[in-house]
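Colleague: Got a structure for you, protein17.tsv, holding TSV, C-alpha atoms.
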chain	number	residue	atom	x	y	z
A	246	MET	CA	-70.57	-11.80	438.23
A	247	ASP	CA	-71.33	-8.27	439.47
A	248	LYS	CA	-74.71	-7.80	441.11
A	249	ARG	CA	-75.59	-4.84	438.93
A	250	ASN	CA	-73.80	-3.44	435.92
A	251	LEU	CA	-74.89	0.19	435.70
A	252	ALA	CA	-73.03	0.66	432.42
A	253	ILE	CA	-75.41	-1.81	430.75
A	254	ASP	CA	-78.42	0.01	432.22
A	255	ILE	CA	-77.13	3.32	430.87
A	256	PHE	CA	-76.26	1.77	427.51
A	257	ARG	CA	-79.74	0.25	427.26
A	258	GLY	CA	-81.40	3.45	428.48
A	259	LEU	CA	-79.65	5.62	425.89
A	260	THR	CA	-80.47	3.11	423.17
A	261	VAL	CA	-84.17	2.87	424.04
A	262	ALA	CA	-84.48	6.65	424.36
A	263	LEU	CA	-83.04	7.01	420.85
A	264	MET	CA	-85.18	4.15	419.56
A	265	VAL	CA	-88.42	5.82	420.67
A	266	CYS	CA	-87.17	9.09	419.16
A	267	VAL	CA	-86.28	7.72	415.72
A	268	ASN	CA	-89.42	5.56	415.62
A	269	ASP	CA	-91.39	8.81	415.90
A	270	PHE	CA	-89.85	10.31	412.74
A	271	TRP	CA	-92.91	9.20	410.74
A	272	ALA	CA	-94.90	11.92	412.53
A	273	VAL	CA	-92.77	14.85	411.26
A	274	HIS	CA	-91.43	16.17	407.97
A	275	ASN	CA	-88.00	16.31	406.32
A	276	VAL	CA	-85.84	14.63	408.93
A	277	PRO	CA	-82.12	15.00	408.06
A	278	HIS	CA	-81.13	11.98	406.01
A	279	PHE	CA	-78.22	10.96	408.22
A	280	LEU	CA	-80.68	10.41	411.08
A	281	GLU	CA	-83.02	8.17	409.09
A	282	HIS	CA	-82.81	4.62	407.80
A	283	PHE	CA	-80.76	4.40	404.61
A	284	ALA	CA	-82.29	2.64	401.61
A	285	VAL	CA	-81.63	-1.10	401.30
A	286	MET	CA	-79.15	-0.73	398.44
A	287	GLU	CA	-77.67	2.55	399.70
A	288	ASP	CA	-74.10	2.07	400.86
A	289	GLY	CA	-74.08	3.57	404.34
A	290	MET	CA	-76.04	3.86	407.54
A	291	GLY	CA	-77.91	6.55	409.39
A	292	LEU	CA	-78.52	6.92	413.10
A	293	SER	CA	-81.75	4.91	412.78
A	294	ASP	CA	-79.75	2.01	411.33
A	295	ILE	CA	-77.60	1.54	414.42
A	296	ILE	CA	-80.13	1.88	417.26
A	297	TYR	CA	-81.92	-1.48	417.07
A	298	PRO	CA	-78.72	-3.57	416.62
A	299	MET	CA	-77.21	-1.71	419.58
A	300	PHE	CA	-80.26	-2.73	421.60
A	301	LEU	CA	-79.61	-6.34	420.57
A	302	PHE	CA	-76.02	-5.87	421.75
A	303	ALA	CA	-77.31	-4.58	425.10
A	304	MET	CA	-79.68	-7.54	425.38
A	305	GLY	CA	-76.74	-9.88	424.81
A	306	MET	CA	-74.73	-8.17	427.53
A	307	SER	CA	-77.58	-8.67	430.00
A	308	VAL	CA	-77.92	-12.42	429.42
A	309	PRO	CA	-74.87	-13.74	431.37
A	310	LEU	CA	-75.46	-11.39	434.29
A	311	ALA	CA	-79.16	-12.24	434.59
A	312	LEU	CA	-78.62	-15.99	434.34
A	313	GLU	CA	-75.76	-15.99	436.81
A	314	ARG	CA	-77.90	-14.05	439.30
A	315	ARG	CA	-80.54	-16.76	439.00
A	316	PHE	CA	-77.99	-19.51	439.62
A	317	GLN	CA	-76.56	-17.61	442.61
A	318	LYS	CA	-80.07	-17.38	444.09
A	319	GLY	CA	-80.38	-21.15	443.90
A	320	TYR	CA	-82.65	-21.53	440.88
A	321	THR	CA	-82.25	-24.91	439.20
A	322	LEU	CA	-81.42	-25.41	435.56
A	323	GLU	CA	-84.96	-26.68	434.93
A	324	THR	CA	-86.63	-23.59	436.39
A	325	THR	CA	-84.16	-21.36	434.55
A	326	LEU	CA	-84.99	-23.02	431.24
A	327	ARG	CA	-88.69	-22.53	431.93
A	328	HIS	CA	-87.96	-18.87	432.67
A	329	ILE	CA	-86.08	-18.51	429.37
A	330	LEU	CA	-88.87	-20.14	427.38
A	331	GLY	CA	-91.49	-18.02	429.15
A	332	ARG	CA	-89.67	-14.78	428.32
A	333	THR	CA	-89.20	-15.89	424.74
A	334	LEU	CA	-92.88	-16.72	424.33
A	335	ALA	CA	-93.91	-13.37	425.83
A	336	LEU	CA	-91.69	-11.47	423.38
A	337	LEU	CA	-92.95	-13.51	420.44
A	338	LEU	CA	-96.58	-12.84	421.40
A	339	MET	CA	-96.01	-9.11	421.88
A	340	GLY	CA	-94.11	-8.92	418.61
A	341	SER	CA	-96.90	-10.73	416.76
A	342	PHE	CA	-99.57	-8.33	418.01
A	343	ILE	CA	-97.51	-5.30	417.00
A	344	VAL	CA	-96.65	-6.69	413.55
A	345	ASN	CA	-100.25	-7.61	412.77
A	346	SER	CA	-101.50	-4.16	413.78
A	347	GLU	CA	-98.80	-2.32	411.81
A	348	SER	CA	-99.30	-4.41	408.67
A	349	GLY	CA	-102.91	-3.24	408.42
A	350	ILE	CA	-106.16	-3.79	410.24
A	351	ALA	CA	-109.75	-3.67	408.98
A	352	TRP	CA	-111.07	-1.85	412.06
A	353	ASN	CA	-109.74	1.11	414.03
A	354	LYS	CA	-106.03	0.75	414.73
A	355	GLY	CA	-106.22	3.20	417.64
A	356	ILE	CA	-108.69	0.99	419.50
A	357	PHE	CA	-106.55	-2.08	418.76
A	358	TRP	CA	-103.37	-0.44	420.05
A	359	LEU	CA	-105.07	0.88	423.19
A	360	MET	CA	-106.55	-2.52	424.06
A	361	MET	CA	-103.29	-4.26	423.11
A	362	VAL	CA	-101.21	-2.13	425.47
A	363	VAL	CA	-103.77	-2.51	428.27
A	364	GLY	CA	-103.72	-6.29	427.73
A	365	PHE	CA	-99.91	-6.39	427.83
A	366	PHE	CA	-99.79	-4.48	431.11
A	367	LEU	CA	-102.50	-6.59	432.71
A	368	VAL	CA	-100.74	-9.86	431.81
A	369	TRP	CA	-97.09	-8.93	432.30
A	370	ASN	CA	-97.19	-6.19	434.92
A	371	ASN	CA	-94.71	-6.58	437.77
A	372	TYR	CA	-97.39	-6.77	440.46
A	373	ARG	CA	-96.36	-6.07	444.03
A	374	GLU	CA	-96.00	-9.06	446.34
A	375	GLY	CA	-99.30	-9.98	447.94
A	376	PHE	CA	-101.47	-7.97	445.53
A	377	LYS	CA	-104.73	-9.91	445.77
A	378	PHE	CA	-106.11	-8.94	442.35
A	379	LYS	CA	-103.08	-10.16	440.40
A	380	LYS	CA	-104.65	-13.35	439.02
A	381	PRO	CA	-108.01	-11.78	438.02
A	382	LEU	CA	-106.25	-8.92	436.26
A	383	ARG	CA	-103.92	-11.28	434.42
A	384	TRP	CA	-106.85	-13.38	433.26
A	385	LEU	CA	-108.61	-10.21	432.12
A	386	GLY	CA	-105.53	-9.32	430.09
A	387	ILE	CA	-105.44	-12.79	428.54
A	388	VAL	CA	-109.11	-12.47	427.56
A	389	ILE	CA	-108.48	-9.04	425.99
A	390	LEU	CA	-105.49	-10.27	423.96
A	391	ALA	CA	-107.27	-13.45	422.91
A	392	GLY	CA	-110.26	-11.40	421.80
A	393	LEU	CA	-108.03	-9.08	419.75
A	394	ALA	CA	-106.33	-12.04	418.06
A	395	ILE	CA	-109.60	-13.81	417.27
A	396	THR	CA	-111.39	-10.75	415.91
A	397	PHE	CA	-108.38	-9.38	414.02
A	398	ARG	CA	-108.84	-8.96	410.27
A	399	SER	CA	-106.43	-7.40	407.83
A	400	PRO	CA	-107.84	-5.11	405.09
A	401	ASP	CA	-107.96	-8.09	402.70
A	402	GLY	CA	-109.71	-10.31	405.26
A	403	GLY	CA	-106.59	-12.10	406.51
A	404	LEU	CA	-106.45	-13.57	410.00
A	405	PHE	CA	-104.01	-12.94	412.85
A	406	ARG	CA	-100.67	-14.57	411.96
A	407	SER	CA	-97.05	-14.67	413.04
A	408	SER	CA	-95.52	-12.98	409.96
A	409	TRP	CA	-91.89	-12.01	410.76
A	410	TRP	CA	-92.51	-11.68	414.54
A	411	GLY	CA	-91.52	-8.01	414.67
A	412	ILE	CA	-88.72	-6.37	416.59
A	413	LEU	CA	-89.79	-7.79	419.95
A	414	GLY	CA	-90.21	-11.26	418.46
A	415	GLN	CA	-86.78	-11.07	416.85
A	416	ILE	CA	-85.35	-10.03	420.21
A	417	GLY	CA	-87.12	-13.06	421.67
A	418	TRP	CA	-85.45	-15.46	419.23
A	419	MET	CA	-82.05	-13.87	419.83
A	420	TYR	CA	-82.56	-14.01	423.59
A	421	LEU	CA	-83.43	-17.71	423.38
A	422	PHE	CA	-80.35	-18.44	421.29
A	423	CYS	CA	-77.95	-16.44	423.49
A	424	ALA	CA	-79.37	-17.78	426.74
A	425	LEU	CA	-79.13	-21.41	425.64
A	426	ALA	CA	-75.68	-20.84	424.13
A	427	TYR	CA	-74.45	-19.27	427.36
A	428	ILE	CA	-75.82	-22.07	429.54
A	429	LEU	CA	-74.12	-24.66	427.35
A	430	CYS	CA	-70.81	-22.77	427.16
A	431	ARG	CA	-70.63	-20.86	430.46
A	432	ARG	CA	-67.59	-22.85	431.60
A	433	ARG	CA	-65.88	-22.62	428.20
A	434	TRP	CA	-66.99	-19.26	426.88
A	435	TRP	CA	-64.33	-19.22	424.19
A	436	ILE	CA	-66.79	-21.43	422.28
A	437	LEU	CA	-69.05	-18.37	422.05
A	438	ILE	CA	-66.29	-16.56	420.17
A	439	VAL	CA	-66.10	-19.49	417.76
A	440	LEU	CA	-69.88	-19.28	417.30
A	441	TRP	CA	-69.60	-15.55	416.60
A	442	VAL	CA	-67.00	-16.22	413.91
A	443	VAL	CA	-69.17	-18.99	412.45
A	444	PHE	CA	-72.11	-16.61	412.07
A	445	CYS	CA	-69.86	-14.00	410.46
A	446	LEU	CA	-68.98	-16.70	407.90
A	447	VAL	CA	-72.67	-17.57	407.51
A	448	ASN	CA	-73.38	-13.91	406.88
A	449	ILE	CA	-70.85	-13.47	404.11
A	450	SER	CA	-71.95	-16.74	402.50
A	451	VAL	CA	-75.56	-15.54	402.27
A	452	ALA	CA	-75.59	-11.73	402.09
A	453	PRO	CA	-75.43	-10.28	398.52
A	454	MET	CA	-72.06	-8.89	397.48
A	455	ARG	CA	-71.56	-5.57	395.69
A	456	ASP	CA	-72.11	-7.18	392.29
A	457	GLY	CA	-75.32	-8.87	393.46
A	458	SER	CA	-73.86	-12.37	393.66
A	459	GLU	CA	-73.55	-14.57	396.74
A	460	LEU	CA	-70.55	-16.64	397.77
A	461	LEU	CA	-72.76	-19.68	398.28
A	462	GLY	CA	-76.04	-18.51	396.79
A	463	GLY	CA	-79.10	-20.75	397.18
A	464	ASN	CA	-77.29	-23.10	399.54
A	465	TYR	CA	-78.38	-25.24	402.46
A	466	VAL	CA	-76.65	-22.88	404.89
A	467	ALA	CA	-79.22	-20.18	404.12
A	468	ASP	CA	-82.11	-22.64	404.31
A	469	PHE	CA	-80.94	-24.02	407.66
A	470	SER	CA	-80.39	-20.54	409.08
A	471	ASP	CA	-83.85	-19.39	407.99
A	472	ALA	CA	-85.42	-22.46	409.57
A	473	LEU	CA	-83.89	-21.43	412.91
A	474	HIS	CA	-85.14	-17.84	412.51
A	475	LEU	CA	-81.53	-16.62	412.28
A	476	GLY	CA	-81.67	-15.16	408.76
A	477	ASN	CA	-78.19	-14.37	407.52
A	478	GLY	CA	-76.93	-14.28	411.10
A	479	HIS	CA	-76.66	-10.51	411.50
A	480	SER	CA	-78.86	-10.38	414.62
A	481	ILE	CA	-76.88	-13.17	416.26
A	482	ILE	CA	-73.62	-11.36	415.48
A	483	MET	CA	-74.93	-8.34	417.37
A	484	ALA	CA	-76.49	-10.19	420.32
A	485	LEU	CA	-73.71	-12.73	420.74
A	486	GLY	CA	-71.20	-9.90	420.48
A	487	GLY	CA	-72.84	-8.38	423.55
A	488	VAL	CA	-72.53	-11.66	425.46
A	489	ILE	CA	-68.83	-11.90	424.60
A	490	CYS	CA	-68.24	-8.23	425.43
A	491	VAL	CA	-69.58	-8.46	428.98
A	492	LEU	CA	-67.79	-11.77	429.62
A	493	ALA	CA	-64.53	-10.23	428.48
A	494	ASP	CA	-65.23	-7.27	430.75
A	495	GLN	CA	-65.67	-9.66	433.68
A	496	LYS	CA	-62.38	-11.37	432.93
A	497	LEU	CA	-60.40	-8.18	432.36
A	498	LYS	CA	-60.25	-6.54	435.77
A	499	LYS	CA	-57.67	-4.03	434.54
A	500	HIS	CA	-57.25	-1.91	431.42
A	501	ARG	CA	-60.95	-2.29	430.51
A	502	LEU	CA	-61.14	0.98	428.63
A	503	VAL	CA	-57.95	0.50	426.63
A	504	THR	CA	-58.82	-3.11	425.77
A	505	GLY	CA	-62.34	-2.13	424.74
A	506	LEU	CA	-61.12	0.69	422.52
A	507	VAL	CA	-58.53	-1.60	420.90
A	508	ALA	CA	-61.25	-4.18	420.24
A	509	SER	CA	-63.46	-1.44	418.80
A	510	VAL	CA	-60.73	-0.29	416.43
A	511	ALA	CA	-60.09	-3.90	415.37
A	512	LEU	CA	-63.79	-4.38	414.57
A	513	ALA	CA	-63.86	-1.13	412.61
A	514	LEU	CA	-60.79	-2.16	410.58
A	515	LEU	CA	-62.36	-5.54	409.85
A	516	ALA	CA	-65.53	-3.73	408.78
A	517	ALA	CA	-63.50	-1.51	406.44
A	518	LEU	CA	-61.83	-4.60	404.96
A	519	THR	CA	-65.10	-6.46	404.28
A	520	HIS	CA	-66.58	-3.23	402.92
A	521	LYS	CA	-64.56	-3.83	399.77
A	522	TRP	CA	-66.88	-6.72	398.85
A	523	TRP	CA	-70.14	-5.92	400.69
A	524	ILE	CA	-71.93	-2.61	401.08
A	525	VAL	CA	-72.94	-1.24	404.48
A	526	SER	CA	-76.65	-2.02	404.61
A	527	LYS	CA	-79.04	-2.61	407.49
A	528	GLY	CA	-81.71	-3.76	405.04
A	529	LEU	CA	-79.45	-6.53	403.76
A	530	GLY	CA	-77.84	-7.18	407.15
A	531	THR	CA	-74.34	-7.13	405.67
A	532	LEU	CA	-71.23	-7.94	407.67
A	533	PRO	CA	-69.63	-4.44	407.35
A	534	TRP	CA	-72.80	-2.97	408.90
A	535	CYS	CA	-72.68	-5.56	411.71
A	536	LEU	CA	-69.02	-4.89	412.42
A	537	TYR	CA	-69.30	-1.09	412.35
A	538	VAL	CA	-72.24	-1.18	414.78
A	539	SER	CA	-70.38	-3.69	416.98
A	540	ALA	CA	-67.37	-1.37	417.02
A	541	ILE	CA	-69.56	1.54	418.13
A	542	SER	CA	-71.23	-0.62	420.78
A	543	VAL	CA	-67.97	-1.93	422.25
A	544	ALA	CA	-66.47	1.57	422.38
A	545	LEU	CA	-69.58	3.06	424.01
A	546	TYR	CA	-69.87	0.28	426.59
A	547	SER	CA	-66.15	0.50	427.44
A	548	LEU	CA	-66.48	4.24	428.01
A	549	LEU	CA	-69.63	3.86	430.11
A	550	ARG	CA	-68.07	1.06	432.16
A	551	SER	CA	-65.04	3.21	432.84
A	552	LEU	CA	-67.27	6.10	433.94
A	553	GLU	CA	-69.29	3.75	436.16
A	554	LEU	CA	-66.20	2.43	437.94
A	555	LYS	CA	-65.11	6.02	438.58
A	556	GLY	CA	-68.55	6.91	439.96
A	557	LEU	CA	-69.32	9.32	437.11
A	558	THR	CA	-72.84	8.24	436.19
A	559	ALA	CA	-75.08	10.94	437.69
A	560	TRP	CA	-75.51	12.54	434.25
A	561	ALA	CA	-77.38	9.42	433.07
A	562	ARG	CA	-80.19	9.61	435.64
A	563	PRO	CA	-82.71	11.05	433.12
A	564	VAL	CA	-82.56	7.81	431.10
A	565	ASP	CA	-82.63	5.55	434.15
A	566	PRO	CA	-86.30	4.50	433.59
A	567	ALA	CA	-85.47	3.55	430.00
A	568	GLY	CA	-82.63	1.35	431.21
A	569	LYS	CA	-84.57	-0.38	433.99
A	570	ALA	CA	-88.17	-0.26	432.69
A	571	THR	CA	-87.22	-0.80	429.08
A	572	LEU	CA	-90.28	-2.71	427.93
A	573	THR	CA	-92.59	-0.14	429.51
A	574	VAL	CA	-90.89	2.72	427.67
A	575	TYR	CA	-90.94	0.76	424.40
A	576	MET	CA	-94.68	0.05	424.69
A	577	LEU	CA	-95.90	3.49	425.74
A	578	PRO	CA	-95.66	5.04	422.23
A	579	TYR	CA	-98.41	2.67	421.07
A	580	PHE	CA	-100.58	3.95	423.93
A	581	PHE	CA	-100.00	7.58	422.94
A	582	TYR	CA	-100.33	6.83	419.22
A	583	SER	CA	-103.76	5.30	419.81
A	584	PHE	CA	-105.03	8.73	420.89
A	585	TRP	CA	-103.23	10.34	417.95
A	586	ILE	CA	-105.29	8.12	415.66
A	587	PHE	CA	-108.51	8.99	417.52
A	588	LEU	CA	-107.85	12.71	417.11
A	589	ALA	CA	-106.45	12.35	413.56
A	590	PRO	CA	-104.48	15.63	413.68
A	591	THR	CA	-102.47	16.94	410.78
A	592	VAL	CA	-98.74	17.51	411.11
A	593	PRO	CA	-98.06	21.25	410.75
A	594	ALA	CA	-95.60	22.29	408.07
A	595	TRP	CA	-93.32	23.96	410.61
A	596	MET	CA	-92.75	20.60	412.33
A	597	SER	CA	-90.01	19.87	409.86
A	598	GLY	CA	-86.27	19.32	409.88
A	599	TRP	CA	-84.63	19.92	413.25
A	600	ALA	CA	-87.86	21.27	414.74
A	601	GLY	CA	-89.42	17.90	413.93
A	602	VAL	CA	-86.45	16.05	415.44
A	603	ALA	CA	-86.82	18.14	418.61
A	604	LYS	CA	-90.50	17.14	418.76
A	605	CYS	CA	-89.50	13.45	418.50
A	606	ALA	CA	-86.91	13.90	421.26
A	607	LEU	CA	-89.56	15.47	423.50
A	608	PHE	CA	-91.90	12.57	422.74
A	609	SER	CA	-89.17	10.14	423.83
A	610	ALA	CA	-88.73	12.14	427.03
A	611	LEU	CA	-92.50	11.99	427.60
A	612	CYS	CA	-92.44	8.19	427.36
A	613	ILE	CA	-89.51	7.95	429.78
A	614	VAL	CA	-91.12	10.28	432.33
A	615	SER	CA	-94.42	8.39	431.98
A	616	ALA	CA	-92.63	5.09	432.63
A	617	TRP	CA	-91.06	6.60	435.73
A	618	GLY	CA	-94.46	7.77	436.97
A	619	LEU	CA	-96.08	4.41	436.27
A	620	GLY	CA	-93.27	2.68	438.12
A	621	LYS	CA	-94.00	4.80	441.19
A	622	MET	CA	-97.59	3.50	440.99
A	623	GLY	CA	-96.47	-0.12	440.71
A	624	VAL	CA	-97.05	-0.40	436.96
A	625	LYS	CA	-94.09	-1.85	435.09
A	626	LEU	CA	-93.85	-4.46	432.35
A	627	LYS	CA	-91.59	-7.33	433.33
A	628	ILE	CA	-91.24	-10.70	431.67
Just give me the structure of the file as structure tokens.
Modeller:
Amino acid sequence: MDKRNLAIDIFRGLTVALMVCVNDFWAVHNVPHFLEHFAVMEDGMGLSDIIYPMFLFAMGMSVPLALERRFQKGYTLETTLRHILGRTLALLLMGSFIVNSESGIAWNKGIFWLMMVVGFFLVWNNYREGFKFKKPLRWLGIVILAGLAITFRSPDGGLFRSSWWGILGQIGWMYLFCALAYILCRRRWWILIVLWVVFCLVNISVAPMRDGSELLGGNYVADFSDALHLGNGHSIIMALGGVICVLADQKLKKHRLVTGLVASVALALLAALTHKWWIVSKGLGTLPWCLYVSAISVALYSLLRSLELKGLTAWARPVDPAGKATLTVYMLPYFFYSFWIFLAPTVPAWMSGWAGVAKCALFSALCIVSAWGLGKMGVKLKI
């Protein structure tokens, strides 16, 4: 395995930069429809519908490289499994806090978000070696987060609960699945391709067809998949696709770009074929949507990998913090939004359409620059 795959960093950086941008659309008016999320039953996808699954794809690509680096450094299987479970738990906890706050809170959301972000950084900051206040600060963060969870009340009096775990929690479940699958199949990675096909079959057996029916509606396959937090398998298709993509890249020392583009075209053709029976819908997690996004992801990674190997990556330096301090960039909007809630400003009418999109892009840039500055001060989320 390569020590560092810059193409994945760039892929992840671009994805997170776009994610922060599109997540800020709520703060402006009249965003062009093709940039937004399409409605659940609307046949198609906007830019917002491809960003998160592409991040899952990037997460999948990172798994084999990260685990192999651990094994090369001499970490045992036991310590690696503990590391995987620890990362999963951290993502589930972060996701739960975000979901509870976004679903409604009886007291000031701005205060909750500010304390939540401070707690996250205190607990999961990448403290410098030998920093003597590391343990006290981590315990302070634990106390803050525990206090938020205990005192949390929804508008109807509900307590803090797991709900659907949120984006970070879903990433946590997918990371756990991909990491365990890779460890079990790292010597026979063709099994991962079989698993990918299996989840494509699970998807089409559960996801509603154009006429509203299901191939195997109300079946044990859906119940079993839900019990494992896999839903109809669409997230696994994305994440596991990333694992397979980077493993194929490692095996194919030549013709990477051509092979990647051929694979991308094949995925797009398969998406077009399944589109006859299922609509393209992120809300429903249909297979055509999965395959189209996978095709885009494979093509983009293949292009970035080719540019990396030719030394043509200087243009991507502005998104470098988003690729290497991803969690920091993702969490900073909640810090800034907490002050937005304190100030309670109104959105001016002129912040509409492309002017509004430009504002969201600048906000994303602000988060990336802030993450870079925090990194220089030794503040960086790492799990």
Colleague: When you count all atoms listed in the file, which of these residues is closest to A:Ser480: A:Ser407, A:Gln415, A:Gln495, A:Thr558?
Modeller: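 Closest to A:Ser480, using all atoms listed in the file: A:Gln415.
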Colleague: For each of A:Ala511, A:Met339, A:Ile482, A:Val285, take the minimum atom-to-atom distance to A:Leu440, counting all atoms listed in the file, then give the residue where this is smallest.
Modeller: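 Of the candidates, the smallest distance to A:Leu440 is held by A:Ile482.
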Colleague: Fewer than 4 positions away in the same chain doesn't count, so skip those; otherwise give me all residues within 7 Å of A:Ala544, counting only C-alpha atoms, as a PDB file with C-alpha atoms, in the frame of the given file.
Modeller:
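File produced: selection_25.pdb:
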ATOM      1  CA  GLY A 505     -62.340  -2.130 424.740  1.00  0.00           C
ATOM      2  CA  LEU A 506     -61.120   0.690 422.520  1.00  0.00           C
ATOM      3  CA  SER A 509     -63.460  -1.440 418.800  1.00  0.00           C
ATOM      4  CA  ALA A 540     -67.370  -1.370 417.020  1.00  0.00           C
ATOM      5  CA  LEU A 548     -66.480   4.240 428.010  1.00  0.00           C
TER       6      LEU A 548
END
Colleague: Just checking: using only C-alpha atoms, which residue out of A:Val308, A:Ile489, A:Leu514, A:Ala272 ends up closest to A:Ser597?
Modeller: A:Ala272
Colleague: Tell me, in Å to one decimal, how far atom CA of A:Val614 is from atom CA of A:Met419.
Modeller: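 Here the two named atoms are 28.7 Å from each other.
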Colleague: Determine, counting all atoms listed in the file, which protein, DNA and RNA residues have an atom within 12 Å of an atom of stretch 497-499 of chain A; residues of the same chain fewer than 2 positions away are not included. Present the result as a ChimeraX atom specification.
Modeller: /A:246-247,490-495,501-505,547,550-551,554
Colleague: Which of these residues is nearest to A:Trp595, using only C-alpha atoms: A:His274, A:Cys535, A:Trp523, A:Leu326?
Modeller: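 Using only C-alpha atoms, A:Trp595 sits closest to A:His274.
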Colleague: Between atom CA of A:Thr573 and atom CA of A:Lys627, what distance in Å does the model show, to one decimal?
Modeller: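 These two atoms are separated by 8.2 Å.
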Colleague: Using all atoms listed in the file, find the one residue out of A:Val574, A:Val488, A:Leu338, A:Ile389 that sits nearest to A:Trp434.
Modeller: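 Of all the options, A:Val488 lies closest to A:Trp434.
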Colleague: Using all atoms listed in the file, which of the listed residues (A:Leu429, A:Ile613, A:Ala424, A:Ile343) sits closest to A:Ala394?
Modeller: A:Ile343
Colleague: How many Å lie between atom CA of A:Arg332 and atom CA of A:Ile628, rounded to one decimal?
Modeller: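 Taking atom CA of A:Arg332 as the start and atom CA of A:Ile628 as the end point, the length is 5.5 Å.
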Colleague: Can you pull out every residue within 12 Å of A:Ser348, counting all atoms listed in the file, but drop anything in the same chain fewer than 4 positions away, and send it as a CSV table (one decimal) with C-alpha atoms, keeping the file's coordinate frame?
Modeller:
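Output below, filename out-v3.csv:
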chain,number,residue,atom,x,y,z
A,341,SER,CA,-96.9,-10.7,416.8
A,342,PHE,CA,-99.6,-8.3,418.0
A,343,ILE,CA,-97.5,-5.3,417.0
A,344,VAL,CA,-96.6,-6.7,413.6
A,354,LYS,CA,-106.0,0.8,414.7
A,397,PHE,CA,-108.4,-9.4,414.0
A,398,ARG,CA,-108.8,-9.0,410.3
A,399,SER,CA,-106.4,-7.4,407.8
A,400,PRO,CA,-107.8,-5.1,405.1
A,401,ASP,CA,-108.0,-8.1,402.7
A,403,GLY,CA,-106.6,-12.1,406.5
A,404,LEU,CA,-106.4,-13.6,410.0
A,405,PHE,CA,-104.0,-12.9,412.8
A,406,ARG,CA,-100.7,-14.6,412.0
A,407,SER,CA,-97.0,-14.7,413.0
A,408,SER,CA,-95.5,-13.0,410.0
A,409,TRP,CA,-91.9,-12.0,410.8
A,410,TRP,CA,-92.5,-11.7,414.5
A,411,GLY,CA,-91.5,-8.0,414.7
Colleague: Would you give the centre and edge lengths, in Å to one decimal, of a box along x, y and z around the listed atoms of stretch 326-340 of chain A, with 5 Å added to each side, as JSON?
Modeller:
{"center_x": -90.8, "center_y": -16.0, "center_z": 425.6, "size_x": 21.6, "size_y": 24.1, "size_z": 24.1}
Colleague: Counting all atoms listed in the file, find residues at most 6 Å from (-70.7, -15.3, 400.9) (file frame) and give them as a PyMOL selection string.
Modeller: chain A and resi 449-451+459-461
Colleague: Excluding A:Cys423 and residues on its chain fewer than 6 positions from it, collect all residues at most 10 Å away from it, counting only C-alpha atoms, and give them as a list in words.
Modeller: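 Near A:Cys423, the qualifying residues are Met304, Gly305, Met306, Val308, Pro309, Gly417, Leu429, Leu437, Ile481, Ala484, Leu485, Gly486, Gly487 and Val488 of chain A.
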Colleague: Counting only C-alpha atoms, find the residues whose atoms lie at most 9 Å from (-78.2, 8.8, 410.3) (file coordinates) and write them out as a list in words.
Modeller: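 Checked against the point, the hits come out as Pro277, His278, Phe279, Leu280, Glu281, His282, Phe283, Gly289, Met290, Gly291, Leu292, Ser293, Asp294 and Ile295 of chain A.
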Colleague: Any idea what's packed within 9 Å of stretch 363-377 of chain A, counting all atoms listed in the file, ignoring anything in its chain fewer than 4 positions away? Could you give it as a list in words?
Modeller: Ala335, Met339, Trp358, Leu359, Pro381, Leu382, Arg383, Trp384, Leu385, Gly386, Ile387, Val388, Ile389, Leu390, Thr573, Met576, Phe580, Gly623, Val624, Lys625, Leu626, Lys627 and Ile628 of chain A
